[in-house]
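*Asks:* Please see the structure below; I have some questions.
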Protein chains: 2
Amino acid sequence: MADALTVLRHKADNAGWLDSAASCQLQDVHGLYQQRAGLLLYPDSTEVVSEIMAFCYQHELAVVPQSGNTGYVGGAMPTSDKQVVLSLQKMNKLLDVHAANNTMLVDAGCRLAQVQSQAAAHNRLFPLGLSVADSCLIGGNLASNAGGTSVLRYGNARDLVLGLEVVLANGRILEQLQTVRKDNSGYDLKQLFLGSEGTLGIITKAVLKLFPRPQSQVTALLGFTQLQQIVDLRDDLSEQCGESLVACEYWQQRCVQQALRYNANLQQPLVDIYPHYLLVELNSTLKCDLTSLLQQIAPQLNCEHIAITEHVSTIKNWWQLRATFPKAQRQLWTHLGSGLKHDIALSVEQIPEFLVTMKSRLLEQFEHLDIAVFGHLGDGNLHYNIGTMQSLSASEKQQINHLVYDQVMSMGGSFSAEHGIGQAKRSLLTRYKSPIAVALMRTLKQCLDPKQLLNPGKVL
Amino acid sequence: MADALTVLRHKADNAGWLDSAASCQLQDVHGLYQQRAGLLLYPDSTEVVSEIMAFCYQHELAVVPQSGNTGYVGGAMPTSDKQVVLSLQKMNKLLDVHAANNTMLVDAGCRLAQVQSQAAAHNRLFPLGLSVADSCLIGGNLASNAGGTSVLRYGNARDLVLGLEVVLANGRILEQLQTVRKDNSGYDLKQLFLGSEGTLGIITKAVLKLFPRPQSQVTALLGFTQLQQIVDLRDDLSEQCGESLVACEYWQQRCVQQALRYNANLQQPLVDIYPHYLLVELNSTLKCDLTSLLQQIAPQLNCEHIAITEHVSTIKNWWQLRATFPKAQRQLWTHLGSGLKHDIALSVEQIPEFLVTMKSRLLEQFEHLDIAVFGHLGDGNLHYNIGTMQSLSASEKQQINHLVYDQVMSMGGSFSAEHGIGQAKRSLLTRYKSPIAVALMRTLKQCLDPKQLLNPGKVL
């Protein structure tokens with residue numbers, strides 16, 4: 001008798017769920033993980049997902065849902081060649097824009113950029129802002145509760161959802177595609193699936209919240225020399241600009257330098273060079289003069305330089321520079337030794353102390369580290385990235401990681417602000433989470449996925 | 001051997017968890033439910049709650065957590081005289097305001113008004129807006145995912161929380177009092193408890209999000225004659241004012257009339273009388289002239305009258321009138337026959353059609369109904385309230401309720417927008433929710449409260 005995987009392969013071949021051009025040898029977008037899958041399926045409807053899940057449940061095949069595969073923690077990659085990877089790429093219809101109600105119904109496989117531009121075409125804003133918008137899919141954004149550059153003002157992906165359709169481990173379809181903005185009719189089940197990285201169910205459709213488009217907008221780049229100015233600047237901007245402060249991104253000069261080396265077409269963002277930068281974006285749904293506002297408060301801001309602009313090309317250049325940091329670091333550090341990423345969160349006023357303490361702790365124990373930090377400062381989220389100038393052993397890497405995360409956790413922070421747990425941070429979960437929290441997570445997993453078939457080896 | 005309740009009473013007496021002035025004969029604030037409790041306890045710390053819960057778990061005593069008891073669905077009332085009511089009133093410390101981080105740590109028993117004023121004292125806003133702010137407690141607000149008048153702009157109670165401490169059914173304490181704004185380190189367990197009405201755990205502390213205080217504010221009252229104008233007005237206000245539109249409350253003249261009869265000190269809100277009113281509040285964290293903005297767009301708004309004001313006393317009078325509606329309806333309708341409340345949500349543009357259809361369906365089958373509707377129009381939430389001019393049998397009441405909810409659900413709405421399920425709407429849950437959703441809710445309940453001791457007879 002053929003094994004279940006073979007039976008499913010035949011079934012998929014007959015039903016047209018395979019893509020002959022696609023290989024089962026998989027790699028994530030950043031090249032961090034490689035793994036062969038048992039089978040790579042492309043369902044084109046919720047019903048097909050349901051049928052596949054029911055089959056896999058009956059035959060105890062593990063299933064890995066995959067969206068754009070742009071995550072950093074291997075959450076969408078299989079962990080063995082017995083697993084069925086279920087790509088959502090062919091479920092990519094923008095089903096309904098309801099501009100009057102500020103909602104949009106989408107298939108989970110829609111690209112984020114597609115969602116953003118469809119909202120814009122209806123004079124609305126879908127505010128989730130990620131540098132991988134062209135390749136990531138909304139289903140993955142929701143399953144990983146994506147963050148990005150506008151969380152300060154609009155919240156995480158979780159906050160942008162009104163309704164979900166989810167296929168459960170046994171193939172049953174939980175359809176809760178509400179478009180109403182208030183609904184206290186029982187437990188809010190969608191919360192279980194948002195941010196659970198495909199380990200509790202597979203998101204197949206969503207009703208997203210849209211927002212009025214800003215009428216006014218201005219962007220500024222600030223250069224400064226002292227770490228402590230971070231806190232003053234964030235406080236003053238927050239005090240003077242209130243909720244108009246949409247983005248407040250921090251860059252160290254080292255990141256800029258790496259990006260310029262990676263792409264010779266990029267330019268120094270300001271005439272002079274500063275150790276630290278803040279990229280600030282203000283917007284408002286009112287017609288008001290935000291440029292004047294920034295110009296007025298500029299003299300009081302504790303920074304050495306501020307460039308204020310409404311020029312689209314300047315703004316684009318700054319954001320392009322920002323979007324280059326991860327690529328530049330990956331290339332440089334992979335070439336030299338290894339790169340260690342730490343996606344952490346703290347309260348903003350702790351950040352200067354953290355940066356000073358962390359650097360000295362690391363350099364006490366390791367030489368030749370290349371520390372280059374950027375992040376979403378407005379919400380306290382730093383990408384504390386380290387390049388090692390030589391190849392390190394797994395235990396040395398773990399030692400560095402623990403140094404960083406121990407420090408973060410001792411300050412009441414988060415060891416995974418926006419990237420999630422995936423494969424990469426499972427051991428950190430048991431290291432840092434309270435045993436009661438981990439036990440409750442396991443209880444939920446057991447409840448929703450009793451055969452442990454959904455995205456195994458992730459999160460828990 | 002003494003029974004467990006007697007043992008707990010002795011234990012509580014020795015430990016000082018009783019209040020000699022309090023009676024076990026309980027009634028909710030609105031006088032809708034009466035029930036004797038087995039025991040009424042006033043723990044003053046999380047540890048005491050934990051100790052009580054562990055005892056009750058061991059001895060299989062049911063526990064009903066109670067905050068301000070201001071809900072409309074009997075969610076905080078016991079359902080038998082064997083149950084232990086656990087009042088959170090003595091856990092009322094505002095533990096820490098962290099203005100720079102825009103967070104506040106509070107005990108669950110803090111009054112909402114206390115939280116609001118403490119935020120204001122630190123030049124911050126805690127935006128949850130309820131007419132019972134003086135008597136409701138924040139723990140209850142969170143457990144019921146309270147809505148209110150600012151949801152349009154700031155979201156429900158769920159959206160205002162960063163961290164929670166919860167005592168589980170077995171007495172164990174789940175402490176997740178994060179103050180960071182981004183945290184994807186595992187399942188977001190707090191979501192389980194927010195809005196689950198004390199049936200999955202008891203919220204004992206919370207980290208709340210604070211917001212910048214508005215720098216500019218204006219309020220207006222609009223009078224109009226045709227239902228269809230609702231949609232035009234909401235669209236135009238939303239288009240012109242964007243996210244500055246914080247409140248958009250709908251009143252029928254019948255509600256105003258009832259309030260004026262109830263309290264002779266109240267005045268007609270506008271010089272002339274209109275069948276419909278909208279109370280509109282704009283604010284902004286920018287210093288800008290919202291009064292001019294409203295004056296400018298006023299001529300284009302499809303209404304018969306608009307009164308725009310920044311006068312605190314006028315604004316207070318309007319909101320006081322609004323806050324009187326529930327009391328006035330209760331008194332009038334209890335006196336005449338009975339009052340039936342329906343807390344529903346629809347998409348805004350469906351509301352005129354709903355109001356017309358609903359009224360004609362009801363009047364086809366019942367004579368002498370007094371329909372008086374108000375609600376949070378901006379987010380589609382109506383309080384569709386009906387007074388019957390005679391006493392109705394339970395089955396007649398149910399018939400009216402089903403007429404209303406069937407219509408709402410056929411239009412894709414919610415049968416409980418902000419009041420929750422409690423005791424009152426349990427049968428509606430099985431009537432309207434999909435069997436898969438109800439089954440999943442039961443699975444969660446079984447998981448977190450295997451002995452079914454937490455707030456029994458509520459929600460499920």
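In the structure tokens, each chain is lettered A, B, ... as it comes, each chain's residues begin at 1, and ligands are numbered from 1 in order of appearance.
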Can you pull out the residues contacting stretch 391-393 of chain B? Cut-off 12 Å, using only C-alpha atoms, and skip same-chain residues under 5 positions away; I want them as a ChimeraX atom specification.
*Replies:* /B:333-340,366-369,398-400
*Asks:* Those residues with all heavy atoms, as a tab-separated table (two decimals), in the first residue's frame please?
*Replies:*
```
chain	number	residue	atom	x	y	z
B	333	TRP	N	-40.21	52.66	31.05
B	333	TRP	CA	-40.68	51.39	30.51
B	333	TRP	C	-40.97	50.38	31.61
B	333	TRP	O	-41.87	49.55	31.46
B	333	TRP	CB	-39.68	50.86	29.48
B	333	TRP	CG	-39.68	51.67	28.21
B	333	TRP	CD1	-40.67	52.52	27.79
B	333	TRP	CD2	-38.66	51.73	27.20
B	333	TRP	NE1	-40.33	53.10	26.58
B	333	TRP	CE2	-39.09	52.63	26.19
B	333	TRP	CE3	-37.43	51.12	27.05
B	333	TRP	CZ2	-38.34	52.92	25.06
B	333	TRP	CZ3	-36.68	51.40	25.91
B	333	TRP	CH2	-37.13	52.30	24.93
B	334	THR	N	-40.18	50.39	32.68
B	334	THR	CA	-40.46	49.49	33.79
B	334	THR	C	-41.84	49.82	34.36
B	334	THR	O	-42.62	48.95	34.72
B	334	THR	CB	-39.40	49.64	34.90
B	334	THR	OG1	-38.12	49.57	34.29
B	334	THR	CG2	-39.53	48.57	35.96
B	335	HIS	N	-42.13	51.11	34.38
B	335	HIS	CA	-43.39	51.59	34.91
B	335	HIS	C	-44.55	51.12	34.03
B	335	HIS	O	-45.59	50.67	34.52
B	335	HIS	CB	-43.34	53.12	34.97
B	335	HIS	CG	-44.59	53.75	35.48
B	335	HIS	ND1	-45.01	53.61	36.79
B	335	HIS	CD2	-45.52	54.52	34.86
B	335	HIS	CE1	-46.15	54.27	36.95
B	335	HIS	NE2	-46.48	54.82	35.79
B	336	LEU	N	-44.36	51.20	32.73
B	336	LEU	CA	-45.46	50.91	31.81
B	336	LEU	C	-45.64	49.42	31.51
B	336	LEU	O	-46.76	48.93	31.40
B	336	LEU	CB	-45.21	51.62	30.46
B	336	LEU	CG	-45.30	53.14	30.46
B	336	LEU	CD1	-44.92	53.68	29.11
B	336	LEU	CD2	-46.72	53.59	30.83
B	337	GLY	N	-44.55	48.74	31.32
B	337	GLY	CA	-44.63	47.34	30.91
B	337	GLY	C	-43.24	46.75	31.02
B	337	GLY	O	-42.79	46.43	32.10
B	338	SER	N	-42.58	46.67	29.91
B	338	SER	CA	-41.19	46.22	30.00
B	338	SER	C	-40.34	46.89	28.94
B	338	SER	O	-40.84	47.37	27.92
B	338	SER	CB	-41.12	44.70	29.89
B	338	SER	OG	-41.86	44.28	28.77
B	339	GLY	N	-39.05	46.92	29.19
B	339	GLY	CA	-38.11	47.51	28.25
B	339	GLY	C	-37.19	46.43	27.70
B	339	GLY	O	-36.68	45.62	28.46
B	340	LEU	N	-37.02	46.43	26.42
B	340	LEU	CA	-36.14	45.43	25.79
B	340	LEU	C	-34.99	46.15	25.10
B	340	LEU	O	-35.21	46.97	24.21
B	340	LEU	CB	-36.93	44.61	24.77
B	340	LEU	CG	-38.15	43.85	25.32
B	340	LEU	CD1	-38.94	43.21	24.20
B	340	LEU	CD2	-37.70	42.79	26.33
B	366	PHE	N	-46.73	43.52	16.66
B	366	PHE	CA	-47.02	44.03	18.00
B	366	PHE	C	-47.53	45.46	17.90
B	366	PHE	O	-47.00	46.26	17.13
B	366	PHE	CB	-45.76	44.00	18.88
B	366	PHE	CG	-45.30	42.62	19.20
B	366	PHE	CD1	-44.45	41.94	18.35
B	366	PHE	CD2	-45.74	41.99	20.36
B	366	PHE	CE1	-44.04	40.64	18.63
B	366	PHE	CE2	-45.33	40.70	20.66
B	366	PHE	CZ	-44.48	40.02	19.79
B	367	GLU	N	-48.55	45.78	18.70
B	367	GLU	CA	-49.04	47.15	18.74
B	367	GLU	C	-48.39	47.87	19.91
B	367	GLU	O	-47.87	47.25	20.82
B	367	GLU	CB	-50.55	47.14	18.92
B	367	GLU	CG	-51.28	46.71	17.66
B	367	GLU	CD	-52.78	46.65	17.91
B	367	GLU	OE1	-53.18	46.50	19.07
B	367	GLU	OE2	-53.52	46.75	16.92
B	368	HIS	N	-48.49	49.17	19.88
B	368	HIS	CA	-48.08	49.99	21.01
B	368	HIS	C	-46.65	49.75	21.46
B	368	HIS	O	-46.38	49.64	22.65
B	368	HIS	CB	-49.00	49.76	22.23
B	368	HIS	CG	-50.44	49.81	21.89
B	368	HIS	ND1	-51.03	50.90	21.27
B	368	HIS	CD2	-51.43	48.89	22.06
B	368	HIS	CE1	-52.32	50.65	21.08
B	368	HIS	NE2	-52.59	49.44	21.54
B	369	LEU	N	-45.76	49.62	20.54
B	369	LEU	CA	-44.35	49.56	20.94
B	369	LEU	C	-43.78	50.98	20.91
B	369	LEU	O	-44.12	51.78	20.03
B	369	LEU	CB	-43.55	48.67	19.98
B	369	LEU	CG	-43.88	47.18	19.97
B	369	LEU	CD1	-42.95	46.44	19.02
B	369	LEU	CD2	-43.80	46.58	21.38
B	398	GLN	N	-39.38	37.16	23.90
B	398	GLN	CA	-38.42	36.43	23.08
B	398	GLN	C	-38.73	36.61	21.58
B	398	GLN	O	-37.83	36.75	20.76
B	398	GLN	CB	-38.44	34.95	23.43
B	398	GLN	CG	-37.25	34.22	22.83
B	398	GLN	CD	-37.31	32.73	23.02
B	398	GLN	OE1	-38.23	32.06	22.58
B	398	GLN	NE2	-36.28	32.21	23.69
B	399	GLN	N	-40.01	36.65	21.29
B	399	GLN	CA	-40.42	36.83	19.89
B	399	GLN	C	-39.92	38.18	19.36
B	399	GLN	O	-39.37	38.26	18.25
B	399	GLN	CB	-41.95	36.78	19.83
B	399	GLN	CG	-42.50	36.28	18.52
B	399	GLN	CD	-44.03	36.40	18.49
B	399	GLN	OE1	-44.69	36.29	19.55
B	399	GLN	NE2	-44.58	36.64	17.33
B	400	ILE	N	-40.08	39.22	20.17
B	400	ILE	CA	-39.58	40.55	19.76
B	400	ILE	C	-38.05	40.51	19.60
B	400	ILE	O	-37.51	40.96	18.59
B	400	ILE	CB	-39.98	41.62	20.79
B	400	ILE	CG1	-41.50	41.83	20.76
B	400	ILE	CG2	-39.25	42.94	20.52
B	400	ILE	CD1	-42.02	42.85	21.76
```
*Asks:* Write out as a list in words each polymer residue whose atoms come within 10 Å of A:Leu128, counting only C-alpha atoms; drop sequence neighbours fewer than 2 positions from it.
*Replies:*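 Here the answer would be Leu112, Ala113, Val115, Gln116, Leu125, Phe126, Leu130, Ala133, Ile138, Asn141, Ala146, Gly147, Gly148, Thr149, Ser150, Val151, Tyr154, Gly155, Asn156, Ala157, Asp159 and Leu160 of chain A.
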*Asks:* Keeping only N, CA and C atoms, take the residues you just selected and write them out as a compact mmCIF listing (two decimals), in the first residue's frame.
*Replies:*
```txt
# COMPACT_ATOMS: atom_id res chain seq x y z
N LEU A 112 1.14 42.03 0.16
CA LEU A 112 0.88 43.24 0.95
C LEU A 112 0.82 44.47 0.05
N ALA A 113 1.74 44.56 -0.93
CA ALA A 113 1.77 45.73 -1.81
C ALA A 113 0.47 45.87 -2.59
N VAL A 115 -2.50 44.83 -1.55
CA VAL A 115 -3.50 45.32 -0.58
C VAL A 115 -3.36 46.82 -0.39
N GLN A 116 -2.11 47.27 -0.21
CA GLN A 116 -1.86 48.71 -0.02
C GLN A 116 -2.35 49.52 -1.22
N LEU A 125 -6.26 54.09 3.29
CA LEU A 125 -4.91 53.66 3.66
C LEU A 125 -4.97 52.31 4.35
N PHE A 126 -4.14 51.35 3.89
CA PHE A 126 -3.89 50.16 4.70
C PHE A 126 -2.47 50.33 5.24
N LEU A 130 5.94 47.41 5.57
CA LEU A 130 7.09 46.50 5.65
C LEU A 130 7.95 46.67 4.42
N ALA A 133 7.15 44.49 1.31
CA ALA A 133 5.73 44.55 0.90
C ALA A 133 5.47 43.92 -0.47
N ILE A 138 -0.34 38.71 2.77
CA ILE A 138 -1.07 39.20 3.93
C ILE A 138 -1.35 38.09 4.95
N ASN A 141 1.58 37.89 7.09
CA ASN A 141 1.64 39.08 7.93
C ASN A 141 0.74 38.92 9.15
N ALA A 146 2.70 40.86 12.05
CA ALA A 146 3.80 41.70 11.57
C ALA A 146 3.75 43.10 12.16
N GLY A 147 4.93 43.70 12.27
CA GLY A 147 5.07 45.04 12.84
C GLY A 147 5.36 46.07 11.78
N GLY A 148 6.63 46.50 11.70
CA GLY A 148 7.02 47.43 10.66
C GLY A 148 7.09 48.86 11.12
N THR A 149 6.99 49.76 10.14
CA THR A 149 7.36 51.15 10.40
C THR A 149 6.21 52.04 10.88
N SER A 150 4.96 51.55 10.89
CA SER A 150 3.85 52.42 11.28
C SER A 150 3.14 51.97 12.55
N VAL A 151 3.77 51.07 13.29
CA VAL A 151 3.12 50.51 14.49
C VAL A 151 2.82 51.60 15.52
N TYR A 154 -0.46 53.10 14.06
CA TYR A 154 -1.58 52.25 13.62
C TYR A 154 -1.62 50.87 14.26
N GLY A 155 -0.59 50.52 15.03
CA GLY A 155 -0.57 49.20 15.67
C GLY A 155 0.01 48.12 14.77
N ASN A 156 0.10 46.92 15.34
CA ASN A 156 0.59 45.74 14.61
C ASN A 156 -0.50 45.19 13.70
N ALA A 157 -0.13 44.17 12.92
CA ALA A 157 -1.10 43.52 12.02
C ALA A 157 -2.36 43.09 12.77
N ASP A 159 -3.95 44.48 14.99
CA ASP A 159 -4.87 45.59 15.21
C ASP A 159 -5.59 46.01 13.94
N LEU A 160 -5.24 45.42 12.82
CA LEU A 160 -5.77 45.85 11.53
C LEU A 160 -6.78 44.86 10.95
```
*Asks:* DSSP says helix (DSSP H, G or I) for which residues of stretch 106-164 of chain A? Put them as an mmCIF file with N, CA and C atoms, in the first residue's frame?
*Replies:*
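Saved as selection27.cif:
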```cif
data_model
loop_
_atom_site.group_PDB
_atom_site.id
_atom_site.type_symbol
_atom_site.label_atom_id
_atom_site.label_comp_id
_atom_site.auth_asym_id
_atom_site.auth_seq_id
_atom_site.Cartn_x
_atom_site.Cartn_y
_atom_site.Cartn_z
ATOM 1 N N LEU A 112 1.140 42.034 0.158
ATOM 2 C CA LEU A 112 0.878 43.242 0.951
ATOM 3 C C LEU A 112 0.824 44.474 0.050
ATOM 4 N N ALA A 113 1.740 44.561 -0.925
ATOM 5 C CA ALA A 113 1.769 45.734 -1.808
ATOM 6 C C ALA A 113 0.467 45.868 -2.595
ATOM 7 N N GLN A 114 -0.101 44.727 -2.959
ATOM 8 C CA GLN A 114 -1.376 44.680 -3.687
ATOM 9 C C GLN A 114 -2.501 45.229 -2.786
ATOM 10 N N VAL A 115 -2.498 44.835 -1.545
ATOM 11 C CA VAL A 115 -3.501 45.317 -0.582
ATOM 12 C C VAL A 115 -3.359 46.823 -0.393
ATOM 13 N N GLN A 116 -2.113 47.275 -0.210
ATOM 14 C CA GLN A 116 -1.861 48.714 -0.017
ATOM 15 C C GLN A 116 -2.353 49.520 -1.221
ATOM 16 N N SER A 117 -2.035 49.034 -2.428
ATOM 17 C CA SER A 117 -2.366 49.861 -3.592
ATOM 18 C C SER A 117 -3.861 49.815 -3.889
ATOM 19 N N GLN A 118 -4.498 48.695 -3.591
ATOM 20 C CA GLN A 118 -5.940 48.617 -3.764
ATOM 21 C C GLN A 118 -6.651 49.574 -2.791
ATOM 22 N N ALA A 119 -6.148 49.648 -1.582
ATOM 23 C CA ALA A 119 -6.717 50.596 -0.612
ATOM 24 C C ALA A 119 -6.556 52.022 -1.130
ATOM 25 N N ALA A 120 -5.354 52.330 -1.629
ATOM 26 C CA ALA A 120 -5.077 53.680 -2.145
ATOM 27 C C ALA A 120 -5.995 54.020 -3.313
ATOM 28 N N ALA A 121 -6.269 53.013 -4.166
ATOM 29 C CA ALA A 121 -7.149 53.242 -5.313
ATOM 30 C C ALA A 121 -8.551 53.624 -4.861
ATOM 31 N N ILE A 138 -0.340 38.709 2.768
ATOM 32 C CA ILE A 138 -1.075 39.203 3.928
ATOM 33 C C ILE A 138 -1.351 38.091 4.949
ATOM 34 N N GLY A 139 -1.566 36.868 4.471
ATOM 35 C CA GLY A 139 -1.813 35.758 5.396
ATOM 36 C C GLY A 139 -0.644 35.563 6.356
ATOM 37 N N GLY A 140 0.560 35.628 5.816
ATOM 38 C CA GLY A 140 1.751 35.508 6.654
ATOM 39 C C GLY A 140 1.913 36.694 7.570
ATOM 40 N N ASN A 141 1.576 37.885 7.085
ATOM 41 C CA ASN A 141 1.643 39.084 7.926
ATOM 42 C C ASN A 141 0.740 38.920 9.153
ATOM 43 N N LEU A 142 -0.448 38.382 8.912
ATOM 44 C CA LEU A 142 -1.397 38.221 10.017
ATOM 45 C C LEU A 142 -0.984 37.080 10.941
ATOM 46 N N ALA A 143 -0.554 35.960 10.339
ATOM 47 C CA ALA A 143 -0.167 34.809 11.152
ATOM 48 C C ALA A 143 1.035 35.134 12.033
ATOM 49 N N VAL A 151 3.766 51.068 13.294
ATOM 50 C CA VAL A 151 3.117 50.512 14.494
ATOM 51 C C VAL A 151 2.817 51.602 15.520
ATOM 52 N N LEU A 152 3.745 52.547 15.630
ATOM 53 C CA LEU A 152 3.599 53.664 16.558
ATOM 54 C C LEU A 152 2.210 54.298 16.441
ATOM 55 N N ARG A 153 1.753 54.475 15.218
ATOM 56 C CA ARG A 153 0.492 55.164 14.992
ATOM 57 C C ARG A 153 -0.693 54.221 14.768
ATOM 58 N N TYR A 154 -0.462 53.099 14.061
ATOM 59 C CA TYR A 154 -1.578 52.254 13.622
ATOM 60 C C TYR A 154 -1.616 50.872 14.259
ATOM 61 N N ALA A 157 -0.135 44.169 12.923
ATOM 62 C CA ALA A 157 -1.099 43.519 12.024
ATOM 63 C C ALA A 157 -2.363 43.094 12.773
ATOM 64 N N ARG A 158 -2.197 42.582 13.983
ATOM 65 C CA ARG A 158 -3.340 42.154 14.801
ATOM 66 C C ARG A 158 -4.404 43.243 14.909
ATOM 67 N N ASP A 159 -3.949 44.477 14.991
ATOM 68 C CA ASP A 159 -4.870 45.593 15.206
ATOM 69 C C ASP A 159 -5.593 46.015 13.939
ATOM 70 N N LEU A 160 -5.241 45.418 12.819
ATOM 71 C CA LEU A 160 -5.768 45.849 11.530
ATOM 72 C C LEU A 160 -6.784 44.860 10.949
#
```
*Asks:* With 6 Å as the cut-off and only C-alpha atoms counted, what is the closest atom pair between each nearby residue of chain A and chain B? Distances in Å to one decimal, ordered by chain and number, as a tab-separated table.
*Replies:*
```
residue	atom	partner	partner_atom	distance
A:Val180	CA	B:Leu346	CA	5.7
A:Arg181	CA	B:Asp379	CA	5.9
A:Lys182	CA	B:Ala417	CA	4.9
A:Asp183	CA	B:Ala417	CA	4.3
A:Asn184	CA	B:Gly420	CA	4.9
A:Ser185	CA	B:Ser416	CA	5.0
A:Tyr187	CA	B:Ser196	CA	5.6
A:Ser196	CA	B:Tyr187	CA	5.6
A:Pro212	CA	B:Gly242	CA	5.6
A:Gly242	CA	B:Thr285	CA	4.9
A:Thr285	CA	B:Gly242	CA	4.9
A:Leu346	CA	B:Val180	CA	5.7
A:Ser347	CA	B:Val180	CA	5.8
A:Asp379	CA	B:Arg181	CA	5.9
A:Ser414	CA	B:Asp183	CA	5.8
A:Ser416	CA	B:Ser185	CA	4.9
A:Ala417	CA	B:Asp183	CA	4.3
A:Glu418	CA	B:Asn184	CA	5.3
A:Gly420	CA	B:Asn184	CA	4.9
```
*Asks:* Write out as number ranges by chain which residues come within 7 Å of stretch 79-81 of chain A when counting only C-alpha atoms, dropping same-chain ones fewer than 3 positions away.
*Replies:* A: 35-38, 457
*Asks:* For the residues in that selection, give me N, CA, C and O atoms as a PDB file, in the first residue's frame.
*Replies:*
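Writing the result to out35.pdb gives the following:
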```
ATOM      1  N   GLN A  35      15.633  23.513   3.211  1.00  0.00           N
ATOM      2  CA  GLN A  35      15.043  22.230   3.611  1.00  0.00           C
ATOM      3  C   GLN A  35      14.202  21.686   2.470  1.00  0.00           C
ATOM      4  O   GLN A  35      13.481  22.439   1.807  1.00  0.00           O
ATOM      5  N   ARG A  36      14.273  20.404   2.271  1.00  0.00           N
ATOM      6  CA  ARG A  36      13.422  19.748   1.288  1.00  0.00           C
ATOM      7  C   ARG A  36      12.069  19.432   1.920  1.00  0.00           C
ATOM      8  O   ARG A  36      11.997  18.977   3.045  1.00  0.00           O
ATOM      9  N   ALA A  37      11.000  19.702   1.162  1.00  0.00           N
ATOM     10  CA  ALA A  37       9.657  19.365   1.638  1.00  0.00           C
ATOM     11  C   ALA A  37       9.238  18.027   1.052  1.00  0.00           C
ATOM     12  O   ALA A  37       9.741  17.612   0.007  1.00  0.00           O
ATOM     13  N   GLY A  38       8.308  17.368   1.695  1.00  0.00           N
ATOM     14  CA  GLY A  38       7.765  16.124   1.169  1.00  0.00           C
ATOM     15  C   GLY A  38       6.896  16.385  -0.048  1.00  0.00           C
ATOM     16  O   GLY A  38       6.878  15.608  -1.003  1.00  0.00           O
ATOM     17  N   GLY A 457       7.483  21.984  15.136  1.00  0.00           N
ATOM     18  CA  GLY A 457       8.840  22.507  15.334  1.00  0.00           C
ATOM     19  C   GLY A 457       8.903  24.024  15.300  1.00  0.00           C
ATOM     20  O   GLY A 457       9.983  24.604  15.242  1.00  0.00           O
TER      21      GLY A 457
END
```
*Asks:* Name the residues of stretch 347-377 of chain A that come out as strand (DSSP E or B) in a backbone DSSP run; write them as a list in words.
*Replies:*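 For stretch 347-377 of chain A, the strand (DSSP E or B) set is Leu369, Asp370, Ile371, Ala372, Val373, Phe374, Gly375 and His376 of chain A.
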*Asks:* Using only C-alpha atoms, pick whichever of A:Lys327, A:Arg9, A:His376, A:Arg361 has the shortest atom-to-atom distance to A:Tyr277.
*Replies:*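 Checking each of A:Lys327, A:Arg9, A:His376, A:Arg361 against A:Tyr277, counting only C-alpha atoms, the winner is A:His376.
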*Asks:* Take atom CA of A:Gln452 and atom CA of A:Ala62 and report the distance between them in Å, one decimal.
*Replies:*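 These atoms are spaced 7.7 Å apart.
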*Asks:* Between atom CA of A:Ser131 and atom CA of A:Tyr250, what is the distance in Å, rounded to a tenth?
*Replies:*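 Atom CA of A:Ser131 sits 15.2 Å away from atom CA of A:Tyr250.
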*Asks:* Can you pull out every residue within 9 Å of A:Lys451, counting only C-alpha atoms, but drop anything in the same chain fewer than 4 positions away, and send it as a ChimeraX atom specification?
*Replies:* /A:57,60,169,446
*Asks:* Next, write the just-selected residues to a file, as a short mmCIF file (atom, residue, chain, number, x, y, z; two decimals), in the first residue's frame, keeping all heavy atoms as the atom set.
*Replies:*
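Result file follows (selection_4.cif):
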```cif
data_model
loop_
_atom_site.label_atom_id
_atom_site.label_comp_id
_atom_site.auth_asym_id
_atom_site.auth_seq_id
_atom_site.Cartn_x
_atom_site.Cartn_y
_atom_site.Cartn_z
N TYR A 57 -4.90 15.32 8.36
CA TYR A 57 -5.32 15.01 9.73
C TYR A 57 -5.57 13.51 9.87
O TYR A 57 -5.07 12.87 10.79
CB TYR A 57 -6.59 15.80 10.07
CG TYR A 57 -7.00 15.72 11.52
CD1 TYR A 57 -6.31 16.45 12.49
CD2 TYR A 57 -8.07 14.92 11.91
CE1 TYR A 57 -6.69 16.38 13.82
CE2 TYR A 57 -8.45 14.85 13.24
CZ TYR A 57 -7.76 15.58 14.19
OH TYR A 57 -8.14 15.52 15.50
N GLU A 60 -2.24 11.74 9.47
CA GLU A 60 -1.17 12.25 10.33
C GLU A 60 0.05 12.76 9.57
O GLU A 60 1.20 12.42 9.87
CB GLU A 60 -0.78 11.21 11.38
CG GLU A 60 -2.02 10.70 12.12
CD GLU A 60 -1.75 10.26 13.56
OE1 GLU A 60 -0.58 10.13 13.93
OE2 GLU A 60 -2.75 10.10 14.29
N ALA A 169 -7.00 22.41 12.21
CA ALA A 169 -6.14 21.23 12.00
C ALA A 169 -6.89 20.07 11.35
O ALA A 169 -6.35 19.36 10.50
CB ALA A 169 -5.53 20.80 13.33
N GLN A 446 -2.38 21.93 22.26
CA GLN A 446 -2.96 20.59 22.40
C GLN A 446 -4.45 20.61 22.03
O GLN A 446 -4.97 19.71 21.38
CB GLN A 446 -2.75 20.11 23.85
CG GLN A 446 -3.27 18.71 24.14
CD GLN A 446 -2.60 17.64 23.28
OE1 GLN A 446 -1.44 17.77 22.88
NE2 GLN A 446 -3.36 16.58 22.94
#
```
